[in-house]
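A.B. asks: Please find my_file24.pdb (PDB, C-alpha atoms) on the next line:
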ATOM      1  CA  MET A  36      20.842  34.164 -14.841
ATOM      2  CA  ALA A  37      24.515  33.272 -14.994
ATOM      3  CA  VAL A  38      23.689  29.583 -14.399
ATOM      4  CA  ALA A  39      21.137  29.544 -17.230
ATOM      5  CA  HIS A  40      23.641  31.310 -19.480
ATOM      6  CA  ALA A  41      26.390  28.798 -18.589
ATOM      7  CA  ALA A  42      24.088  25.858 -19.381
ATOM      8  CA  THR A  43      23.094  27.427 -22.695
ATOM      9  CA  ALA A  44      26.738  28.063 -23.538
ATOM     10  CA  ARG A  45      27.577  24.384 -22.990
ATOM     11  CA  LEU A  46      24.576  22.888 -24.789
ATOM     12  CA  GLY A  47      23.985  25.569 -27.407
ATOM     13  CA  SER A  48      20.446  26.810 -27.928
ATOM     14  CA  PRO A  49      17.546  25.855 -25.650
ATOM     15  CA  ARG A  50      16.155  23.810 -28.567
ATOM     16  CA  ARG A  51      19.348  21.784 -28.726
ATOM     17  CA  ALA A  52      19.232  21.232 -24.980
ATOM     18  CA  LEU A  53      15.647  19.976 -25.325
ATOM     19  CA  ARG A  54      16.619  17.629 -28.178
ATOM     20  CA  ILE A  55      19.471  16.192 -26.121
ATOM     21  CA  THR A  56      17.218  15.751 -23.099
ATOM     22  CA  LEU A  57      14.541  13.986 -25.160
ATOM     23  CA  ARG A  58      17.170  11.767 -26.779
ATOM     24  CA  VAL A  59      18.536  10.741 -23.375
ATOM     25  CA  ILE A  60      14.994   9.997 -22.139
ATOM     26  CA  GLY A  61      14.308   7.949 -25.278
ATOM     27  CA  ILE A  62      17.504   5.942 -24.889
ATOM     28  CA  ALA A  63      16.727   5.298 -21.213
ATOM     29  CA  ALA A  64      13.179   4.169 -22.075
ATOM     30  CA  ALA A  65      14.452   1.871 -24.849
ATOM     31  CA  ALA A  66      17.070   0.378 -22.520
ATOM     32  CA  GLY A  67      14.413  -0.178 -19.839
ATOM     33  CA  ALA A  68      12.114  -1.865 -22.362
ATOM     34  CA  ALA A  69      14.953  -4.093 -23.607
ATOM     35  CA  ILE A  70      15.825  -5.125 -20.057
ATOM     36  CA  GLY A  71      12.143  -5.890 -19.454
ATOM     37  CA  VAL A  72      11.913  -8.077 -22.571
ATOM     38  CA  VAL A  73      15.095  -9.988 -21.695
ATOM     39  CA  ALA A  74      13.955 -10.474 -18.074
ATOM     40  CA  THR A  75      10.526 -11.717 -19.224
ATOM     41  CA  MET A  76      12.117 -14.227 -21.607
ATOM     42  CA  LEU A  77      14.531 -15.401 -18.906
ATOM     43  CA  PHE A  78      11.725 -15.789 -16.354
ATOM     44  CA  ALA A  79       9.620 -17.745 -18.871
ATOM     45  CA  ALA A  80      12.546 -20.056 -19.684
ATOM     46  CA  LEU A  81      13.034 -20.725 -15.966
ATOM     47  CA  GLY A  82       9.311 -21.281 -15.317
ATOM     48  CA  LEU A  83       8.980 -18.130 -13.214
ATOM     49  CA  THR A  84       6.197 -15.524 -13.262
ATOM     50  CA  PRO A  85       6.694 -11.868 -12.279
ATOM     51  CA  ARG A  86       3.758  -9.966 -10.756
ATOM     52  CA  ILE A  87       3.474  -6.439  -9.390
ATOM     53  CA  VAL A  88       2.108  -5.880  -5.878
ATOM     54  CA  VAL A  89      -0.848  -3.475  -6.178
ATOM     55  CA  SER A  90      -2.008  -3.198  -2.557
ATOM     56  CA  GLY A  91      -0.458  -2.654   0.849
ATOM     57  CA  SER A  92      -1.689  -5.920   2.346
ATOM     58  CA  MET A  93       1.841  -7.384   2.534
ATOM     59  CA  GLU A  94       3.654  -4.267   3.787
ATOM     60  CA  PRO A  95       6.235  -3.565   4.999
ATOM     61  CA  GLY A  96       7.961  -6.621   3.504
ATOM     62  CA  LEU A  97       6.315  -6.244   0.079
ATOM     63  CA  PRO A  98       5.446  -2.568  -0.490
ATOM     64  CA  ILE A  99       3.176  -1.443  -3.324
ATOM     65  CA  GLY A 100       5.092  -1.602  -6.594
ATOM     66  CA  SER A 101       7.264  -4.562  -5.596
ATOM     67  CA  VAL A 102       7.830  -7.195  -8.260
ATOM     68  CA  VAL A 103       7.242 -10.687  -6.893
ATOM     69  CA  VAL A 104       8.718 -13.531  -8.931
ATOM     70  CA  SER A 105       7.006 -16.842  -8.261
ATOM     71  CA  GLU A 106       7.378 -20.432  -9.355
ATOM     72  CA  ARG A 107       4.331 -22.636 -10.030
ATOM     73  CA  VAL A 108       4.297 -25.649  -7.707
ATOM     74  CA  ASP A 109       1.838 -28.317  -6.692
ATOM     75  CA  ALA A 110      -0.214 -26.982  -3.781
ATOM     76  CA  THR A 111       0.687 -30.016  -1.667
ATOM     77  CA  ALA A 112       4.294 -28.720  -1.576
ATOM     78  CA  VAL A 113       3.263 -25.481   0.151
ATOM     79  CA  SER A 114       4.069 -24.912   3.834
ATOM     80  CA  VAL A 115       2.789 -22.544   6.484
ATOM     81  CA  GLY A 116       4.806 -19.332   6.210
ATOM     82  CA  ASP A 117       5.279 -19.488   2.418
ATOM     83  CA  VAL A 118       4.221 -16.437   0.424
ATOM     84  CA  VAL A 119       2.051 -17.617  -2.467
ATOM     85  CA  THR A 120       0.232 -16.108  -5.428
ATOM     86  CA  THR A 121      -3.079 -17.539  -6.597
ATOM     87  CA  ASP A 122      -6.217 -16.403  -8.402
ATOM     88  CA  ARG A 123      -8.649 -14.338  -6.336
ATOM     89  CA  PHE A 124     -11.742 -16.229  -5.219
ATOM     90  CA  ASN A 125     -13.944 -13.137  -5.593
ATOM     91  CA  GLY A 126     -12.942 -11.469  -8.841
ATOM     92  CA  PRO A 127     -10.245 -10.768 -11.417
ATOM     93  CA  GLY A 128      -6.541 -10.716 -10.696
ATOM     94  CA  THR A 129      -4.392 -12.542  -8.212
ATOM     95  CA  VAL A 130      -3.634 -12.344  -4.518
ATOM     96  CA  THR A 131      -0.171 -12.664  -2.957
ATOM     97  CA  HIS A 132      -0.405 -13.487   0.747
ATOM     98  CA  ARG A 133       1.266 -15.638   3.381
ATOM     99  CA  VAL A 134       0.020 -19.186   4.061
ATOM    100  CA  VAL A 135      -1.262 -19.574   7.630
ATOM    101  CA  ASP A 136      -2.905 -23.002   7.245
ATOM    102  CA  VAL A 137      -2.740 -25.915   4.792
ATOM    103  CA  SER A 138      -5.407 -28.655   4.682
ATOM    104  CA  PRO A 139      -6.103 -31.440   2.198
ATOM    105  CA  GLY A 140      -9.561 -31.271   0.681
ATOM    106  CA  GLY A 141     -11.350 -33.301  -1.985
ATOM    107  CA  GLY A 142      -8.559 -33.580  -4.567
ATOM    108  CA  GLN A 143      -7.410 -30.034  -3.898
ATOM    109  CA  THR A 144      -5.428 -28.334  -1.182
ATOM    110  CA  VAL A 145      -7.199 -25.769   0.979
ATOM    111  CA  LEU A 146      -5.018 -22.782   1.859
ATOM    112  CA  THR A 147      -5.843 -20.136   4.430
ATOM    113  CA  LEU A 148      -3.996 -16.952   3.526
ATOM    114  CA  LYS A 149      -3.321 -13.679   5.320
ATOM    115  CA  GLY A 150      -1.708 -10.448   4.230
ATOM    116  CA  ASP A 151       1.075  -9.479   6.655
ATOM    117  CA  ALA A 152      -0.499  -6.037   7.164
ATOM    118  CA  ASN A 153      -4.052  -7.376   7.521
ATOM    119  CA  GLY A 154      -5.694  -7.875  10.903
ATOM    120  CA  GLY A 155      -7.155 -11.282  10.059
ATOM    121  CA  VAL A 156      -7.100 -14.065   7.506
ATOM    122  CA  ASP A 157      -8.710 -13.723   4.077
ATOM    123  CA  ARG A 158     -12.516 -14.124   4.152
ATOM    124  CA  GLU A 159     -12.516 -17.368   2.190
ATOM    125  CA  PRO A 160      -9.997 -20.200   2.025
ATOM    126  CA  TYR A 161      -8.496 -20.964  -1.387
ATOM    127  CA  GLU A 162      -9.064 -24.427  -2.868
ATOM    128  CA  VAL A 163      -6.164 -24.925  -5.263
ATOM    129  CA  ARG A 164      -4.150 -27.551  -7.116
ATOM    130  CA  GLU A 165      -1.222 -25.247  -7.971
ATOM    131  CA  VAL A 166       0.060 -21.931  -6.646
ATOM    132  CA  GLY A 167       2.970 -19.635  -7.309
ATOM    133  CA  VAL A 168       5.506 -19.683  -4.469
ATOM    134  CA  MET A 169       7.505 -16.475  -4.113
ATOM    135  CA  ARG A 170      11.166 -17.008  -5.008
ATOM    136  CA  LEU A 171      12.258 -13.354  -5.302
ATOM    137  CA  ALA A 172      10.870  -9.923  -4.467
ATOM    138  CA  ILE A 173      12.277  -6.620  -5.701
ATOM    139  CA  PRO A 174      10.780  -3.575  -3.924
ATOM    140  CA  TYR A 175       9.385  -0.646  -5.946
ATOM    141  CA  VAL A 176      10.614  -1.827  -9.381
ATOM    142  CA  GLY A 177       7.032  -2.095 -10.672
ATOM    143  CA  LEU A 178       5.981   1.438  -9.716
ATOM    144  CA  PRO A 179       6.543   2.911 -13.219
ATOM    145  CA  GLN A 180       4.157   0.331 -14.692
ATOM    146  CA  LEU A 181       1.529   1.092 -12.029
ATOM    147  CA  TRP A 182       1.901   4.829 -12.756
ATOM    148  CA  ALA A 183       1.518   4.232 -16.499
ATOM    149  CA  GLN A 184      -1.572   2.063 -15.944
ATOM    150  CA  ASP A 185      -3.028   4.771 -13.705
ATOM    151  CA  LEU A 186      -2.410   7.461 -16.348
ATOM    152  CA  LEU A 187      -4.061   5.278 -18.990
ATOM    153  CA  GLY A 188      -6.988   4.337 -16.743
ATOM    154  CA  ILE A 189      -6.111   0.634 -16.712
ATOM    155  CA  ASP A 190      -7.226  -1.327 -13.643
ATOM    156  CA  PRO A 191      -4.138  -3.171 -12.333
ATOM    157  CA  LEU A 192      -6.292  -6.113 -11.229
ATOM    158  CA  THR A 193      -7.418  -7.008 -14.739
TER     159      THR A 193
END
The structure in this file should be written as structure tokens.

C.D. replies:
Amino acid sequence: MAVAHAATARLGSPRRALRITLRVIGIAAAAGAAIGVVATMLFAALGLTPRIVVSGSMEPGLPIGSVVVSERVDATAVSVGDVVTTDRFNGPGTVTHRVVDVSPGGGQTVLTLKGDANGGVDREPYEVREVGVMRLAIPYVGLPQLWAQDLLGIDPLT
């Protein structure tokens, strides 16, 4: 009781404490949004694309919620061992996996990909002209967006 009384004495009424708390949360949210806008503009100016990892297929190196920043390159520049992002062959969204084989094929490059945590390679090879090559990964930074999408019922793959 003494702790609650001391907090009330410093902040005034419980209503005032709530107003201050909500103001701090609002300022933090606005600052986070501003940082996000500036980062997006900077990435676009540099030709980079941020994506959020939504599955555990690349753990432990890229845990769920990591932000992967990739640069679009010609698929012929890709090497075995590179982590690339490309469109899924079987539905909406993208896949970010490690290249385990590169083969030329009919005007396109055929990539065999594998998630680091997966037991085998992806079911189908990817026939691509361009891919995003990972340049930077920041663990867990994208978790708040995944949580918000989950609360709103938005599928992260769309």

A.B. asks: To test your reading of the syntax: which residues would the PyMOL selection byres ((chain A and resi 178) around 10) return for the file shown? Reply as a CSV table (one decimal) with C-alpha atoms, in the coordinates of the input.

C.D. replies:
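Output file expr-v6.csv is given in full below:
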chain,number,residue,atom,x,y,z
A,87,ILE,CA,3.5,-6.4,-9.4
A,88,VAL,CA,2.1,-5.9,-5.9
A,89,VAL,CA,-0.8,-3.5,-6.2
A,99,ILE,CA,3.2,-1.4,-3.3
A,100,GLY,CA,5.1,-1.6,-6.6
A,101,SER,CA,7.3,-4.6,-5.6
A,102,VAL,CA,7.8,-7.2,-8.3
A,174,PRO,CA,10.8,-3.6,-3.9
A,175,TYR,CA,9.4,-0.6,-5.9
A,176,VAL,CA,10.6,-1.8,-9.4
A,177,GLY,CA,7.0,-2.1,-10.7
A,179,PRO,CA,6.5,2.9,-13.2
A,180,GLN,CA,4.2,0.3,-14.7
A,181,LEU,CA,1.5,1.1,-12.0
A,182,TRP,CA,1.9,4.8,-12.8
A,183,ALA,CA,1.5,4.2,-16.5
A,184,GLN,CA,-1.6,2.1,-15.9

A.B. asks: Every residue with an atom at most 7 Å from (-6.4, -17.3, 10.0) (file coordinates; only C-alpha atoms) is what I'm after, so could you write them as a list in words?

C.D. replies: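 Counting only C-alpha atoms, I find these residues within 7 Å of (-6.4, -17.3, 10.0): Val135, Thr147, Leu148, Lys149, Gly155 and Val156 of chain A.
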
A.B. asks: Have a look at A:Gly61, A:Arg170, A:Gly67, A:Asp122 and name the one nearest to Leu81 (chain A); count only C-alpha atoms.

C.D. replies: A:Arg170

A.B. asks: So what do you get for CA of Val168 (chain A) versus CA of Ile189 (chain A), distance-wise?

C.D. replies: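 So the two atoms, CA of Val168 (chain A) and CA of Ile189 (chain A), lie 26.4 Å apart.
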
A.B. asks: Using all atoms listed in the file, which residue out of A:Val137, A:Ile55, A:Met93, A:Val103 lies closest to Phe78 (chain A)?

C.D. replies: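 Residue with the minimum atom-to-atom distance to Phe78 (chain A): A:Val103.
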
A.B. asks: Counting all atoms listed in the file, which of A:Ala63, A:Val163, A:Thr129, A:Arg158 gets nearest to Thr111 (chain A)?

C.D. replies: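 Ranked by minimum distance to Thr111 (chain A), first place goes to A:Val163.
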
A.B. asks: Please determine an axis-aligned box that encloses all atoms of region 97-102 of chain A listed in the file, with 8 Å added on each side, and express its centre and edge lengths in Å to one decimal as lines of an AutoDock Vina configuration file.

C.D. replies:
center_x = 5.5
center_y = -4.3
center_z = -4.1
size_x = 20.7
size_y = 21.8
size_z = 24.3

A.B. asks: Given the point (0.3, -13.8, 5.5) in the file's coordinates, find the residues that have an atom at most 6 Å from it, counting all atoms listed in the file, and give them as a short mmCIF file (atom, residue, chain, number, x, y, z; two decimals) with C-alpha atoms, in the coordinates of the input.

C.D. replies:
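Output file part_8.cif follows:
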data_model
loop_
_atom_site.label_atom_id
_atom_site.label_comp_id
_atom_site.auth_asym_id
_atom_site.auth_seq_id
_atom_site.Cartn_x
_atom_site.Cartn_y
_atom_site.Cartn_z
CA HIS A 132 -0.40 -13.49 0.75
CA ARG A 133 1.27 -15.64 3.38
CA VAL A 134 0.02 -19.19 4.06
CA LEU A 148 -4.00 -16.95 3.53
CA LYS A 149 -3.32 -13.68 5.32
CA GLY A 150 -1.71 -10.45 4.23
CA ASP A 151 1.08 -9.48 6.66
#

A.B. asks: To one decimal place in Å, what is the distance between CA of Gly91 (chain A) and CA of Ile173 (chain A)?

C.D. replies: 14.9 Å

A.B. asks: Take the PyMOL selection byres ((chain A and resi 131) around 6), run it mentally on this structure, and tell me the resulting residues as a PyMOL selection string.

C.D. replies: chain A and resi 119-120+130+132

A.B. asks: For CA of Leu83 (chain A) and CA of Arg107 (chain A), determine how far apart the two atoms are, in Å to one decimal place.

C.D. replies: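 So the answer is 7.2 Å.
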
A.B. asks: Run the PyMOL selection byres ((chain A and resi 138) around 12) on the file and write out the hits as a PyMOL selection string.

C.D. replies: chain A and resi 110-115+134-137+139-148+160-164

A.B. asks: Could you write out that same residue set with C-alpha atoms as a compact mmCIF listing (two decimals), in the frame of the given file?

C.D. replies:
# COMPACT_ATOMS: atom_id res chain seq x y z
CA ALA A 110 -0.21 -26.98 -3.78
CA THR A 111 0.69 -30.02 -1.67
CA ALA A 112 4.29 -28.72 -1.58
CA VAL A 113 3.26 -25.48 0.15
CA SER A 114 4.07 -24.91 3.83
CA VAL A 115 2.79 -22.54 6.48
CA VAL A 134 0.02 -19.19 4.06
CA VAL A 135 -1.26 -19.57 7.63
CA ASP A 136 -2.90 -23.00 7.24
CA VAL A 137 -2.74 -25.92 4.79
CA PRO A 139 -6.10 -31.44 2.20
CA GLY A 140 -9.56 -31.27 0.68
CA GLY A 141 -11.35 -33.30 -1.98
CA GLY A 142 -8.56 -33.58 -4.57
CA GLN A 143 -7.41 -30.03 -3.90
CA THR A 144 -5.43 -28.33 -1.18
CA VAL A 145 -7.20 -25.77 0.98
CA LEU A 146 -5.02 -22.78 1.86
CA THR A 147 -5.84 -20.14 4.43
CA LEU A 148 -4.00 -16.95 3.53
CA PRO A 160 -10.00 -20.20 2.02
CA TYR A 161 -8.50 -20.96 -1.39
CA GLU A 162 -9.06 -24.43 -2.87
CA VAL A 163 -6.16 -24.92 -5.26
CA ARG A 164 -4.15 -27.55 -7.12

A.B. asks: Determine the nearest neighbour of Val104 (chain A) from the options A:Gly167, A:Gly188, A:Gly128, A:Gly71, counting all atoms listed in the file.

C.D. replies: A:Gly167

A.B. asks: Restricting the calculation to all atoms listed in the file: of A:Asp185, A:Thr84, A:Val59, A:Phe124, which residue gets closest to Ser105 (chain A)?

C.D. replies: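 So, comparing all the options, the nearest one is A:Thr84.
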
A.B. asks: Would you please work out which residue, of A:Gly96, A:Pro49, A:Val118, A:Val72, is nearest to Met169 (chain A) when using all atoms listed in the file?

C.D. replies: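 Looking only at the distances to Met169 (chain A), the closest residue turns out to be A:Val118.
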